[in-house]
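Written out below as structure tokens is the structure these notes cover.
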Amino acid sequence: MPELQLAVIDVKPGAAMESQSGLQMLRPRIYGAFRAPPGPRKIAAIVMHPTSNFMGHYLIGPLAERGICCMGLNSRYVGNDTVLLMERAIQDLGAGVQYLRAAGYEKVFLIGNSGGAALASFYQAQAEKLTATHLPDGDPTHLHPSDLPPVDGIALCAAHRGRTRLMRDWIDPSVTDEHDPLSVDPELDMYDPHHRVPYDAEFLARFSAAQKARLDRIERWCVDRLALLRNTPGAPRDQAFIVYRTHADPRCVDLSLDANDRLPGSVWGDARQVNYSANAMGRTTSLTAFLSQWSSRSQADGPTNLERTTVPKLLLTYTGDQSTFPSTRDAWMAAGGARIRNVDIVGGNHYLAGQPELVPKAADAIAEFAHALL
């Protein structure tokens with residue numbers, strides 16, 4: 001197997017205090033790891049997530065064995081999405097695309113794994129036609145078309161529809177006090193024993209409506225708070241806050257909903273424990289980051305952006321996934337239309353964890369897709 005190599009890529013400075021490291025703020029860099037197959041530099045891929053460290057991604061080695069250079073690239077927000085702006089993350093992804101183009105690769109495509117699916121879709125939509133001139137909070141993005149060279153294809157696997165959709169599906173509507181993580185309305189608590197599985201339709205309807213209502217309240221508070229800060233002389237332009245209990249998707253415990261081959265629970269273990277944990281999805285955020293990632297104002301919705309793209313697409317559906325479902329697959333397929341095809345990885349969980357026999361199947365499908373781009 002080719003030797004693992006490190007990519008060190010300079011990127012443009014972004015938002016103030018997006019890193020606690022002065023060196024990283026003043027000379028921002030992102031890092032990637034890749035294996036370059038010997039011979040002509042025909043095709044390369046980038047697999048990237050807004051925050052996860054993908055430098056050890058399970059596809060890097062298998063794709064190198066199939067003649068594809070695959071770079072696991074980290075954004076500047078790796079490990080910390082507190083101040084993450086999706087508009088800045090696609091700028092980092094563009095720097096990775098430029099790196100591979102400069103290295104001589106004829107074709108470059110993106111692998112959107114998990115939360116990287118919406119990122120890849122957002123990137124290519126903006127690369128084909130730049131519309132994200134401003135952040136959801138109104139500040140300019142300072143993005144330029146040269147920051148976002150278009151790629152030649154997109155492969156999606158275990159693909160979430162995007163962070164705004166996740167928060168809509170996962171936020172716990174039973175919270176009664178945003179400052180108290182233990183506050184609960186038992187009538188809206190999916191984990192309360194008196195709500196039996198399978199859940200009845202009336203409870204699910206009330207639950208979903210209350211999820212939207214809570215998310216809307218937080219979003220309105222963010223908008224109002226930003227307006228107050230920015231109209232107050234000497235005030236900061238942003239602030240951090242906590243969103244308690246963000247893992248309450250009835251599908252985690254009711255396997256009859258959006259049924260696939262999954263086991264009960266969450267991709268991180270017991271769903272209720274994750275819901276109450278100190279570190280979970282969107283737990284700590286800033287006003288601007290919430291609007292960019294988690295709110296209805298986010299510009300990074302996955303299927304909406306994928307629909308705007310013209311390149312070939314592949315979707316790998318992991319049928320044992322505990323966080324993407326048949327409805328998720330259907331949304332991506334509808335967005336891709338005639339330009340997308342689906343391949344099921346039967347029994348695959350979200351990370352293909354403990355399933356080494358399934359990794360070659362995913363790599364084979366992506367390699368077939370990639371070589372067809374040449």
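Convention: chains lettered A, B, ... in structure tokens order; per-chain residue numbering from 1; ligands numbered from 1 as shown.
Look at Lys313 in chain A: the protein and nucleic acid residues within 7 Å of it, using only C-alpha atoms and passing over chain neighbours fewer than 4 places away, are Gly153, Ile154, Ala155, Arg339, Ile340 and Arg341 of chain A.
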Next item on the list: Please identify all polymer residues within 7 Å of Ala158 in chain A, counting only C-alpha atoms, omitting same-chain residues fewer than 2 positions from it, and present them as number ranges by chain.
Entry: A: 113-114, 156, 160, 316-318, 324, 350
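The space between CA of Lys129 in chain A and CA of Ser292 in chain A spans 19.0 Å.
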Write out, as a Markdown table, each residue of range 265-327 of chain A that has an atom at most 9 Å from range 78-88 of chain A, together with the closest pair of atoms and their distance in Å to one decimal, counting only C-alpha atoms, rows going by chain and rising number.
| residue | atom | partner | partner_atom | distance |
| --- | --- | --- | --- | --- |
| A:Gly282 | CA | A:Asp81 | CA | 7.6 |
| A:Arg283 | CA | A:Thr82 | CA | 8.4 |
| A:Thr284 | CA | A:Thr82 | CA | 5.6 |
| A:Thr285 | CA | A:Thr82 | CA | 4.1 |
| A:Ser286 | CA | A:Val83 | CA | 5.7 |
| A:Leu287 | CA | A:Val83 | CA | 8.4 |
| A:Thr288 | CA | A:Val83 | CA | 7.2 |
| A:Ala289 | CA | A:Val83 | CA | 5.0 |
| A:Phe290 | CA | A:Val83 | CA | 8.2 |
| A:Leu291 | CA | A:Leu85 | CA | 8.7 |
| A:Ser292 | CA | A:Leu85 | CA | 5.6 |
| A:Gln293 | CA | A:Met86 | CA | 6.3 |
| A:Ser298 | CA | A:Met86 | CA | 8.3 |
| A:Gln299 | CA | A:Met86 | CA | 8.0 |
| A:Ala300 | CA | A:Met86 | CA | 6.7 |
Please produce an output containing C-alpha atoms for each residue in the selection, written as a compact mmCIF listing (two decimals), in the first residue's frame.
# COMPACT_ATOMS: atom_id res chain seq x y z
CA GLY A 282 -24.90 21.37 18.84
CA ARG A 283 -24.55 21.44 22.62
CA THR A 284 -22.26 24.50 22.76
CA THR A 285 -22.60 27.05 20.01
CA SER A 286 -22.51 30.74 19.22
CA LEU A 287 -25.27 32.87 17.78
CA THR A 288 -23.66 33.10 14.34
CA ALA A 289 -22.69 29.42 14.30
CA PHE A 290 -26.21 28.37 15.26
CA LEU A 291 -27.67 30.33 12.36
CA SER A 292 -25.11 28.96 9.91
CA GLN A 293 -25.33 25.31 10.97
CA SER A 298 -28.68 27.73 7.13
CA GLN A 299 -27.52 27.76 3.51
CA ALA A 300 -26.05 24.26 3.86
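Closest approach to Arg163 in chain A among A:Asp364, A:Ala7, A:Phe122, A:Trp268: A:Phe122, based on only C-alpha atoms.
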Item checked: DSSP-assigned strand (DSSP E) among range 45-282 of chain A, expressed as an NGL selection string -> :A and (45-49 or 69-74 or 107-113 or 154-157 or 240-242)
Emit the selected residues as a compact mmCIF listing (two decimals), in the first residue's frame, including N, CA, C and O atoms.
# COMPACT_ATOMS: atom_id res chain seq x y z
N ALA A 45 -9.78 11.96 -4.59
CA ALA A 45 -10.99 12.29 -3.85
C ALA A 45 -10.63 12.99 -2.56
O ALA A 45 -9.52 12.84 -2.03
N ILE A 46 -11.56 13.77 -2.05
CA ILE A 46 -11.46 14.34 -0.71
C ILE A 46 -12.66 13.87 0.09
O ILE A 46 -13.81 13.98 -0.36
N VAL A 47 -12.41 13.32 1.27
CA VAL A 47 -13.48 13.00 2.21
C VAL A 47 -13.29 13.93 3.41
O VAL A 47 -12.23 13.96 4.03
N MET A 48 -14.31 14.72 3.67
CA MET A 48 -14.19 15.78 4.68
C MET A 48 -15.51 15.94 5.41
O MET A 48 -16.59 15.76 4.84
N HIS A 49 -15.43 16.28 6.67
CA HIS A 49 -16.58 16.53 7.54
C HIS A 49 -16.40 17.92 8.13
O HIS A 49 -15.27 18.39 8.28
N CYS A 69 -6.34 8.24 -5.30
CA CYS A 69 -5.79 8.98 -4.16
C CYS A 69 -6.94 9.58 -3.38
O CYS A 69 -7.73 10.36 -3.92
N CYS A 70 -7.06 9.20 -2.14
CA CYS A 70 -8.14 9.72 -1.28
C CYS A 70 -7.53 10.48 -0.12
O CYS A 70 -6.76 9.91 0.66
N MET A 71 -7.86 11.75 -0.02
CA MET A 71 -7.36 12.58 1.08
C MET A 71 -8.44 12.73 2.14
O MET A 71 -9.56 13.18 1.85
N GLY A 72 -8.14 12.37 3.37
CA GLY A 72 -8.98 12.70 4.50
C GLY A 72 -8.58 14.07 4.99
O GLY A 72 -7.47 14.25 5.49
N LEU A 73 -9.44 15.05 4.81
CA LEU A 73 -9.10 16.45 5.07
C LEU A 73 -9.89 16.97 6.26
O LEU A 73 -11.09 16.70 6.40
N ASN A 74 -9.24 17.73 7.10
CA ASN A 74 -9.89 18.36 8.25
C ASN A 74 -10.14 19.83 7.97
O ASN A 74 -9.32 20.50 7.34
N LYS A 107 -8.81 14.50 -12.48
CA LYS A 107 -10.17 14.54 -11.97
C LYS A 107 -10.15 14.53 -10.45
O LYS A 107 -9.37 13.78 -9.84
N VAL A 108 -11.02 15.32 -9.85
CA VAL A 108 -11.17 15.37 -8.40
C VAL A 108 -12.66 15.24 -8.08
O VAL A 108 -13.49 15.91 -8.70
N PHE A 109 -12.98 14.37 -7.14
CA PHE A 109 -14.37 14.26 -6.70
C PHE A 109 -14.43 14.29 -5.18
O PHE A 109 -13.40 14.15 -4.49
N LEU A 110 -15.62 14.49 -4.66
CA LEU A 110 -15.82 14.59 -3.22
C LEU A 110 -16.55 13.37 -2.71
O LEU A 110 -17.46 12.86 -3.37
N ILE A 111 -16.15 12.91 -1.53
CA ILE A 111 -16.87 11.86 -0.83
C ILE A 111 -17.52 12.51 0.39
O ILE A 111 -16.84 12.98 1.30
N GLY A 112 -18.83 12.56 0.37
CA GLY A 112 -19.57 13.17 1.47
C GLY A 112 -20.05 12.09 2.42
O GLY A 112 -21.09 11.46 2.19
N ASN A 113 -19.30 11.84 3.47
CA ASN A 113 -19.63 10.81 4.44
C ASN A 113 -20.29 11.44 5.66
O ASN A 113 -19.78 12.40 6.23
N ILE A 154 -19.65 13.63 -7.08
CA ILE A 154 -19.90 13.56 -5.64
C ILE A 154 -20.38 12.16 -5.30
O ILE A 154 -21.35 11.67 -5.88
N ALA A 155 -19.72 11.51 -4.34
CA ALA A 155 -20.15 10.22 -3.80
C ALA A 155 -20.57 10.44 -2.35
O ALA A 155 -19.80 10.99 -1.56
N LEU A 156 -21.76 10.03 -2.00
CA LEU A 156 -22.30 10.21 -0.66
C LEU A 156 -22.43 8.86 0.02
O LEU A 156 -22.86 7.89 -0.61
N CYS A 157 -22.08 8.78 1.30
CA CYS A 157 -22.26 7.52 2.03
C CYS A 157 -22.67 7.82 3.47
O CYS A 157 -22.16 8.74 4.09
N ALA A 240 -21.61 32.98 23.02
CA ALA A 240 -21.82 31.54 23.11
C ALA A 240 -23.02 31.24 23.98
O ALA A 240 -23.39 32.03 24.87
N PHE A 241 -23.65 30.10 23.74
CA PHE A 241 -24.74 29.63 24.60
C PHE A 241 -24.85 28.11 24.46
O PHE A 241 -24.17 27.50 23.64
N ILE A 242 -25.69 27.51 25.29
CA ILE A 242 -25.83 26.05 25.34
C ILE A 242 -27.24 25.67 24.90
O ILE A 242 -28.21 26.30 25.29
Check: What lies within 6 Å of range 246-263 of chain A using only C-alpha atoms, ignoring chain neighbours under 5 positions off, as a count of residues only?
Finding: 10
Which residues come within 12 Å of range 33-36 of chain A, counting only C-alpha atoms, excluding same-chain residues fewer than 2 positions away, as a short mmCIF file (atom, residue, chain, number, x, y, z; two decimals) with all heavy atoms, in the first residue's frame?
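Okay, this is what ended up in around_9.cif:
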data_model
loop_
_atom_site.label_atom_id
_atom_site.label_comp_id
_atom_site.auth_asym_id
_atom_site.auth_seq_id
_atom_site.Cartn_x
_atom_site.Cartn_y
_atom_site.Cartn_z
N MET A 1 0.85 -1.19 0.00
CA MET A 1 0.00 0.00 0.00
C MET A 1 0.88 1.24 0.00
O MET A 1 1.91 1.28 0.69
CB MET A 1 -0.91 0.00 1.23
CG MET A 1 -1.89 1.16 1.27
SD MET A 1 -2.94 1.15 2.75
CE MET A 1 -3.88 -0.33 2.45
N PRO A 2 0.50 2.31 -0.74
CA PRO A 2 1.31 3.53 -0.74
C PRO A 2 1.44 4.12 0.65
O PRO A 2 0.58 3.96 1.51
CB PRO A 2 0.52 4.47 -1.66
CG PRO A 2 -0.38 3.59 -2.47
CD PRO A 2 -0.67 2.40 -1.62
N GLU A 3 2.53 4.81 0.86
CA GLU A 3 2.82 5.43 2.15
C GLU A 3 1.82 6.55 2.44
O GLU A 3 1.41 7.31 1.55
CB GLU A 3 4.23 6.01 2.14
CG GLU A 3 4.66 6.69 3.42
CD GLU A 3 6.05 7.30 3.31
OE1 GLU A 3 6.71 7.08 2.28
OE2 GLU A 3 6.46 7.99 4.26
N LEU A 4 1.42 6.66 3.70
CA LEU A 4 0.54 7.74 4.11
C LEU A 4 1.31 9.05 4.13
O LEU A 4 2.39 9.14 4.72
CB LEU A 4 -0.05 7.45 5.49
CG LEU A 4 -1.15 8.40 5.97
CD1 LEU A 4 -2.42 8.20 5.14
CD2 LEU A 4 -1.45 8.16 7.44
N GLN A 5 0.78 10.07 3.47
CA GLN A 5 1.43 11.37 3.39
C GLN A 5 0.56 12.43 4.05
O GLN A 5 -0.66 12.30 4.12
CB GLN A 5 1.68 11.75 1.93
CG GLN A 5 2.55 10.77 1.18
CD GLN A 5 2.76 11.18 -0.27
OE1 GLN A 5 3.20 12.29 -0.55
NE2 GLN A 5 2.43 10.28 -1.19
N LEU A 6 1.21 13.49 4.51
CA LEU A 6 0.54 14.59 5.19
C LEU A 6 0.46 15.79 4.25
O LEU A 6 1.44 16.15 3.61
CB LEU A 6 1.28 14.98 6.47
CG LEU A 6 0.73 16.17 7.25
CD1 LEU A 6 -0.62 15.84 7.85
CD2 LEU A 6 1.71 16.60 8.34
N ALA A 7 -0.71 16.39 4.17
CA ALA A 7 -0.89 17.63 3.43
C ALA A 7 -1.08 18.77 4.42
O ALA A 7 -1.90 18.67 5.34
CB ALA A 7 -2.10 17.54 2.51
N VAL A 8 -0.31 19.85 4.26
CA VAL A 8 -0.44 21.05 5.08
C VAL A 8 -0.83 22.18 4.13
O VAL A 8 -0.07 22.53 3.24
CB VAL A 8 0.88 21.38 5.81
CG1 VAL A 8 0.71 22.62 6.67
CG2 VAL A 8 1.34 20.20 6.65
N ILE A 9 -2.03 22.73 4.32
CA ILE A 9 -2.61 23.64 3.35
C ILE A 9 -2.95 24.96 4.02
O ILE A 9 -3.71 25.01 4.99
CB ILE A 9 -3.88 23.02 2.73
CG1 ILE A 9 -3.57 21.64 2.12
CG2 ILE A 9 -4.49 23.96 1.69
CD1 ILE A 9 -4.80 20.87 1.69
N ILE A 30 -4.98 24.05 7.38
CA ILE A 30 -5.72 22.81 7.57
C ILE A 30 -4.82 21.65 7.19
O ILE A 30 -3.81 21.83 6.49
CB ILE A 30 -7.03 22.80 6.75
CG1 ILE A 30 -6.76 23.00 5.26
CG2 ILE A 30 -7.99 23.85 7.29
CD1 ILE A 30 -7.99 22.86 4.39
N TYR A 31 -5.19 20.45 7.63
CA TYR A 31 -4.32 19.30 7.48
C TYR A 31 -5.10 18.12 6.91
O TYR A 31 -6.27 17.91 7.22
CB TYR A 31 -3.71 18.91 8.83
CG TYR A 31 -2.89 20.03 9.42
CD1 TYR A 31 -3.49 21.01 10.22
CD2 TYR A 31 -1.53 20.13 9.17
CE1 TYR A 31 -2.75 22.05 10.75
CE2 TYR A 31 -0.78 21.17 9.69
CZ TYR A 31 -1.39 22.13 10.47
OH TYR A 31 -0.65 23.18 10.99
N PRO A 38 0.92 4.74 -7.13
CA PRO A 38 1.96 5.00 -8.12
C PRO A 38 1.36 5.18 -9.51
O PRO A 38 0.24 4.75 -9.78
CB PRO A 38 2.84 3.74 -8.05
CG PRO A 38 1.93 2.68 -7.51
CD PRO A 38 0.99 3.37 -6.58
N GLY A 39 2.13 5.81 -10.39
CA GLY A 39 1.68 5.98 -11.76
C GLY A 39 1.08 7.35 -12.01
O GLY A 39 1.15 8.25 -11.16
N PRO A 40 0.47 7.52 -13.17
CA PRO A 40 -0.11 8.82 -13.54
C PRO A 40 -1.17 9.27 -12.54
O PRO A 40 -1.91 8.46 -11.99
CB PRO A 40 -0.74 8.55 -14.92
CG PRO A 40 -0.05 7.34 -15.43
CD PRO A 40 0.31 6.52 -14.24
N ARG A 41 -1.19 10.57 -12.31
CA ARG A 41 -2.14 11.13 -11.34
C ARG A 41 -3.47 11.40 -12.05
O ARG A 41 -3.74 12.51 -12.49
CB ARG A 41 -1.55 12.38 -10.71
CG ARG A 41 -0.30 12.06 -9.91
CD ARG A 41 0.19 13.22 -9.08
NE ARG A 41 1.23 12.79 -8.17
CZ ARG A 41 1.78 13.56 -7.23
NH1 ARG A 41 1.37 14.81 -7.07
NH2 ARG A 41 2.73 13.08 -6.45
N LYS A 42 -4.28 10.36 -12.11
CA LYS A 42 -5.52 10.44 -12.86
C LYS A 42 -6.68 10.99 -12.04
O LYS A 42 -7.40 11.88 -12.48
CB LYS A 42 -5.89 9.04 -13.38
CG LYS A 42 -4.95 8.51 -14.46
CD LYS A 42 -5.16 9.25 -15.77
CE LYS A 42 -4.36 8.63 -16.90
NZ LYS A 42 -4.56 9.38 -18.17
N ILE A 43 -6.89 10.42 -10.84
CA ILE A 43 -8.10 10.78 -10.10
C ILE A 43 -7.85 10.77 -8.61
O ILE A 43 -7.11 9.94 -8.09
CB ILE A 43 -9.27 9.84 -10.47
CG1 ILE A 43 -10.59 10.37 -9.92
CG2 ILE A 43 -9.00 8.41 -10.03
CD1 ILE A 43 -11.81 9.81 -10.62
N ALA A 44 -8.47 11.74 -7.93
CA ALA A 44 -8.31 11.88 -6.48
C ALA A 44 -9.64 12.29 -5.86
O ALA A 44 -10.50 12.89 -6.52
CB ALA A 44 -7.24 12.91 -6.15
N ALA A 45 -9.78 11.96 -4.59
CA ALA A 45 -10.99 12.29 -3.85
C ALA A 45 -10.63 12.99 -2.56
O ALA A 45 -9.52 12.84 -2.03
CB ALA A 45 -11.78 11.02 -3.53
N ILE A 46 -11.56 13.77 -2.05
CA ILE A 46 -11.46 14.34 -0.71
C ILE A 46 -12.66 13.87 0.09
O ILE A 46 -13.81 13.98 -0.36
CB ILE A 46 -11.45 15.87 -0.74
CG1 ILE A 46 -10.19 16.39 -1.43
CG2 ILE A 46 -11.52 16.44 0.69
CD1 ILE A 46 -10.15 17.90 -1.58
N VAL A 47 -12.41 13.32 1.27
CA VAL A 47 -13.48 13.00 2.21
C VAL A 47 -13.29 13.93 3.41
O VAL A 47 -12.23 13.96 4.03
CB VAL A 47 -13.48 11.50 2.60
CG1 VAL A 47 -12.15 11.06 3.21
CG2 VAL A 47 -14.63 11.19 3.55
N MET A 48 -14.31 14.72 3.67
CA MET A 48 -14.19 15.78 4.68
C MET A 48 -15.51 15.94 5.41
O MET A 48 -16.59 15.76 4.84
CB MET A 48 -13.81 17.11 4.00
CG MET A 48 -13.63 18.29 4.94
SD MET A 48 -13.14 19.77 4.02
CE MET A 48 -13.09 20.98 5.35
N ASN A 53 -12.44 14.47 12.57
CA ASN A 53 -11.09 14.23 12.06
C ASN A 53 -11.15 13.04 11.10
O ASN A 53 -11.28 11.89 11.52
CB ASN A 53 -10.15 13.94 13.23
CG ASN A 53 -8.71 13.78 12.77
OD1 ASN A 53 -8.43 13.57 11.59
ND2 ASN A 53 -7.78 13.87 13.71
N PHE A 54 -11.05 13.31 9.81
CA PHE A 54 -11.13 12.26 8.79
C PHE A 54 -9.75 11.87 8.26
O PHE A 54 -9.66 11.17 7.25
CB PHE A 54 -12.02 12.72 7.64
CG PHE A 54 -13.50 12.44 7.83
CD1 PHE A 54 -13.98 11.96 9.04
CD2 PHE A 54 -14.40 12.65 6.80
CE1 PHE A 54 -15.34 11.69 9.22
CE2 PHE A 54 -15.75 12.38 6.96
CZ PHE A 54 -16.22 11.90 8.17
N MET A 55 -8.69 12.27 8.93
CA MET A 55 -7.36 11.91 8.46
C MET A 55 -7.10 10.41 8.60
O MET A 55 -6.17 9.89 7.98
CB MET A 55 -6.29 12.72 9.20
CG MET A 55 -6.30 14.19 8.83
SD MET A 55 -5.18 15.21 9.83
CE MET A 55 -3.58 14.58 9.32
N GLY A 56 -7.90 9.73 9.40
CA GLY A 56 -7.79 8.28 9.52
C GLY A 56 -8.99 7.56 8.94
O GLY A 56 -9.31 6.46 9.37
N HIS A 57 -9.63 8.16 7.94
CA HIS A 57 -10.88 7.61 7.41
C HIS A 57 -10.67 6.22 6.82
O HIS A 57 -9.65 5.93 6.20
CB HIS A 57 -11.45 8.55 6.35
CG HIS A 57 -12.89 8.29 6.04
ND1 HIS A 57 -13.30 7.32 5.16
CD2 HIS A 57 -14.03 8.86 6.53
CE1 HIS A 57 -14.62 7.31 5.09
NE2 HIS A 57 -15.09 8.23 5.91
N TYR A 58 -11.69 5.38 7.00
CA TYR A 58 -11.58 3.97 6.60
C TYR A 58 -11.51 3.76 5.09
O TYR A 58 -11.18 2.67 4.63
CB TYR A 58 -12.72 3.15 7.19
CG TYR A 58 -14.12 3.58 6.81
CD1 TYR A 58 -14.70 3.21 5.60
CD2 TYR A 58 -14.88 4.36 7.69
CE1 TYR A 58 -16.00 3.59 5.27
CE2 TYR A 58 -16.17 4.75 7.36
CZ TYR A 58 -16.72 4.36 6.15
OH TYR A 58 -18.00 4.75 5.83
N LEU A 59 -11.78 4.79 4.28
CA LEU A 59 -11.73 4.63 2.83
C LEU A 59 -10.38 5.00 2.22
O LEU A 59 -10.13 4.71 1.04
CB LEU A 59 -12.83 5.46 2.16
CG LEU A 59 -14.25 4.93 2.30
CD1 LEU A 59 -15.25 5.96 1.77
CD2 LEU A 59 -14.41 3.60 1.58
N ILE A 60 -9.51 5.66 2.97
CA ILE A 60 -8.25 6.16 2.38
C ILE A 60 -7.41 5.02 1.82
O ILE A 60 -6.98 5.05 0.65
CB ILE A 60 -7.45 6.97 3.42
CG1 ILE A 60 -8.20 8.24 3.80
CG2 ILE A 60 -6.06 7.33 2.88
CD1 ILE A 60 -7.56 9.05 4.92
N GLY A 61 -7.17 4.00 2.63
CA GLY A 61 -6.36 2.87 2.18
C GLY A 61 -7.03 2.05 1.08
O GLY A 61 -6.42 1.79 0.04
N PRO A 62 -8.28 1.62 1.29
CA PRO A 62 -8.94 0.82 0.25
C PRO A 62 -9.05 1.52 -1.10
O PRO A 62 -8.91 0.88 -2.15
CB PRO A 62 -10.32 0.56 0.85
CG PRO A 62 -10.09 0.57 2.33
CD PRO A 62 -9.06 1.65 2.54
N LEU A 63 -9.27 2.82 -1.11
CA LEU A 63 -9.34 3.50 -2.41
C LEU A 63 -7.97 3.61 -3.05
O LEU A 63 -7.84 3.52 -4.28
CB LEU A 63 -9.98 4.88 -2.24
CG LEU A 63 -11.49 4.86 -1.98
CD1 LEU A 63 -12.03 6.27 -1.79
CD2 LEU A 63 -12.24 4.16 -3.11
N ALA A 64 -6.91 3.79 -2.25
CA ALA A 64 -5.55 3.79 -2.82
C ALA A 64 -5.25 2.46 -3.49
O ALA A 64 -4.63 2.41 -4.56
CB ALA A 64 -4.54 4.10 -1.73
N GLU A 65 -5.70 1.37 -2.88
CA GLU A 65 -5.49 0.05 -3.48
C GLU A 65 -6.24 -0.09 -4.80
O GLU A 65 -5.91 -0.95 -5.63
CB GLU A 65 -5.95 -1.03 -2.50
CG GLU A 65 -5.09 -1.12 -1.25
CD GLU A 65 -5.68 -2.05 -0.21
OE1 GLU A 65 -6.88 -2.44 -0.35
OE2 GLU A 65 -4.96 -2.41 0.74
N ARG A 66 -7.24 0.74 -5.01
CA ARG A 66 -8.04 0.69 -6.24
C ARG A 66 -7.66 1.81 -7.20
O ARG A 66 -8.41 2.15 -8.12
CB ARG A 66 -9.53 0.75 -5.87
CG ARG A 66 -10.02 -0.55 -5.20
CD ARG A 66 -11.26 -0.32 -4.36
NE ARG A 66 -11.78 -1.59 -3.82
CZ ARG A 66 -11.27 -2.20 -2.76
NH1 ARG A 66 -10.22 -1.68 -2.13
NH2 ARG A 66 -11.78 -3.34 -2.33
N GLY A 67 -6.48 2.41 -6.97
CA GLY A 67 -5.94 3.40 -7.89
C GLY A 67 -6.43 4.81 -7.70
O GLY A 67 -6.23 5.66 -8.58
N ILE A 68 -7.04 5.11 -6.55
CA ILE A 68 -7.59 6.44 -6.31
C ILE A 68 -6.90 7.05 -5.10
O ILE A 68 -6.88 6.47 -4.01
CB ILE A 68 -9.11 6.37 -6.05
CG1 ILE A 68 -9.82 5.78 -7.27
CG2 ILE A 68 -9.67 7.73 -5.71
CD1 ILE A 68 -11.21 5.30 -6.99
N CYS A 69 -6.34 8.24 -5.30
CA CYS A 69 -5.79 8.98 -4.16
C CYS A 69 -6.94 9.58 -3.38
O CYS A 69 -7.73 10.36 -3.92
CB CYS A 69 -4.86 10.09 -4.67
SG CYS A 69 -4.28 11.20 -3.37
N CYS A 70 -7.06 9.20 -2.14
CA CYS A 70 -8.14 9.72 -1.28
C CYS A 70 -7.53 10.48 -0.12
O CYS A 70 -6.76 9.91 0.66
CB CYS A 70 -9.03 8.59 -0.77
SG CYS A 70 -10.37 9.15 0.32
N MET A 71 -7.86 11.75 -0.02
CA MET A 71 -7.36 12.58 1.08
C MET A 71 -8.44 12.73 2.14
O MET A 71 -9.56 13.18 1.85
CB MET A 71 -6.94 13.97 0.59
CG MET A 71 -6.50 14.89 1.73
SD MET A 71 -6.28 16.62 1.21
CE MET A 71 -4.85 16.46 0.16
N GLY A 72 -8.14 12.37 3.37
CA GLY A 72 -8.98 12.70 4.50
C GLY A 72 -8.58 14.07 4.99
O GLY A 72 -7.47 14.25 5.49
N LEU A 73 -9.44 15.05 4.81
CA LEU A 73 -9.10 16.45 5.07
C LEU A 73 -9.89 16.97 6.26
O LEU A 73 -11.09 16.70 6.40
CB LEU A 73 -9.42 17.29 3.82
CG LEU A 73 -9.06 18.77 3.87
CD1 LEU A 73 -7.55 18.96 3.99
CD2 LEU A 73 -9.58 19.48 2.62
N ASN A 74 -9.24 17.73 7.10
CA ASN A 74 -9.89 18.36 8.25
C ASN A 74 -10.14 19.83 7.97
O ASN A 74 -9.32 20.50 7.34
CB ASN A 74 -9.01 18.25 9.50
CG ASN A 74 -8.92 16.83 10.01
OD1 ASN A 74 -9.71 15.98 9.64
ND2 ASN A 74 -7.93 16.57 10.85
N GLY A 96 -8.51 22.37 -0.32
CA GLY A 96 -8.09 21.00 -0.57
C GLY A 96 -8.21 20.62 -2.03
O GLY A 96 -7.34 19.93 -2.59
N TYR A 99 -5.36 22.07 -3.85
CA TYR A 99 -4.13 21.32 -3.55
C TYR A 99 -4.00 20.11 -4.49
O TYR A 99 -2.93 19.86 -5.06
CB TYR A 99 -4.17 20.87 -2.09
CG TYR A 99 -2.98 20.06 -1.63
CD1 TYR A 99 -1.89 20.68 -1.03
CD2 TYR A 99 -2.94 18.67 -1.79
CE1 TYR A 99 -0.80 19.94 -0.60
CE2 TYR A 99 -1.86 17.92 -1.36
CZ TYR A 99 -0.78 18.56 -0.77
OH TYR A 99 0.30 17.82 -0.35
N LEU A 100 -5.08 19.37 -4.66
CA LEU A 100 -5.03 18.18 -5.51
C LEU A 100 -4.91 18.55 -6.99
O LEU A 100 -4.22 17.87 -7.75
CB LEU A 100 -6.26 17.31 -5.27
CG LEU A 100 -6.33 16.63 -3.90
CD1 LEU A 100 -7.65 15.91 -3.73
CD2 LEU A 100 -5.17 15.65 -3.72
N ALA A 103 -1.41 19.36 -7.61
CA ALA A 103 -0.58 18.15 -7.59
C ALA A 103 -0.67 17.38 -8.90
O ALA A 103 0.06 16.39 -9.08
CB ALA A 103 -0.99 17.25 -6.44
N GLY A 104 -1.55 17.80 -9.81
CA GLY A 104 -1.60 17.21 -11.13
C GLY A 104 -2.72 16.23 -11.39
O GLY A 104 -2.74 15.59 -12.46
N TYR A 105 -3.65 16.08 -10.47
CA TYR A 105 -4.74 15.12 -10.68
C TYR A 105 -5.72 15.66 -11.71
O TYR A 105 -6.18 16.80 -11.63
CB TYR A 105 -5.44 14.80 -9.36
CG TYR A 105 -4.58 13.89 -8.50
CD1 TYR A 105 -3.78 14.41 -7.49
CD2 TYR A 105 -4.54 12.51 -8.75
CE1 TYR A 105 -2.97 13.57 -6.73
CE2 TYR A 105 -3.73 11.68 -7.99
CZ TYR A 105 -2.94 12.22 -6.99
OH TYR A 105 -2.12 11.39 -6.25
#
Next item on the list: as a VMD selection string, list the residues of range 82-190 of chain A assigned to helix (DSSP H, G or I) by DSSP on the backbone atoms of this structure.
Entry: chain A and resid 86 to 102 116 to 128 145 to 147 163 to 170 186 to 188
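Computed from the coordinates, the CA of Leu130 in chain A to CA of Gly94 in chain A distance equals 12.8 Å.
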Note to self: Could you check the closest approach to Gly348 in chain A for each of A:Phe325, A:Trp221, A:Tyr276, A:Phe203 and tell me which residue wins, using only C-alpha atoms?
What the structure shows: A:Phe325
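Interatomic distance, CA of Val267 in chain A against CA of Ala209 in chain A: 24.6 Å.
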Check: Using only C-alpha atoms, which residues sit within 8 Å of Tyr123 in chain A once same-chain residues fewer than 5 positions away are excluded, as a count of residues only?
Finding: 4
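Using only C-alpha atoms, the nearest neighbour of Lys212 in chain A within the list A:Pro181, A:Pro173, A:Pro50, A:Pro236 is A:Pro173.
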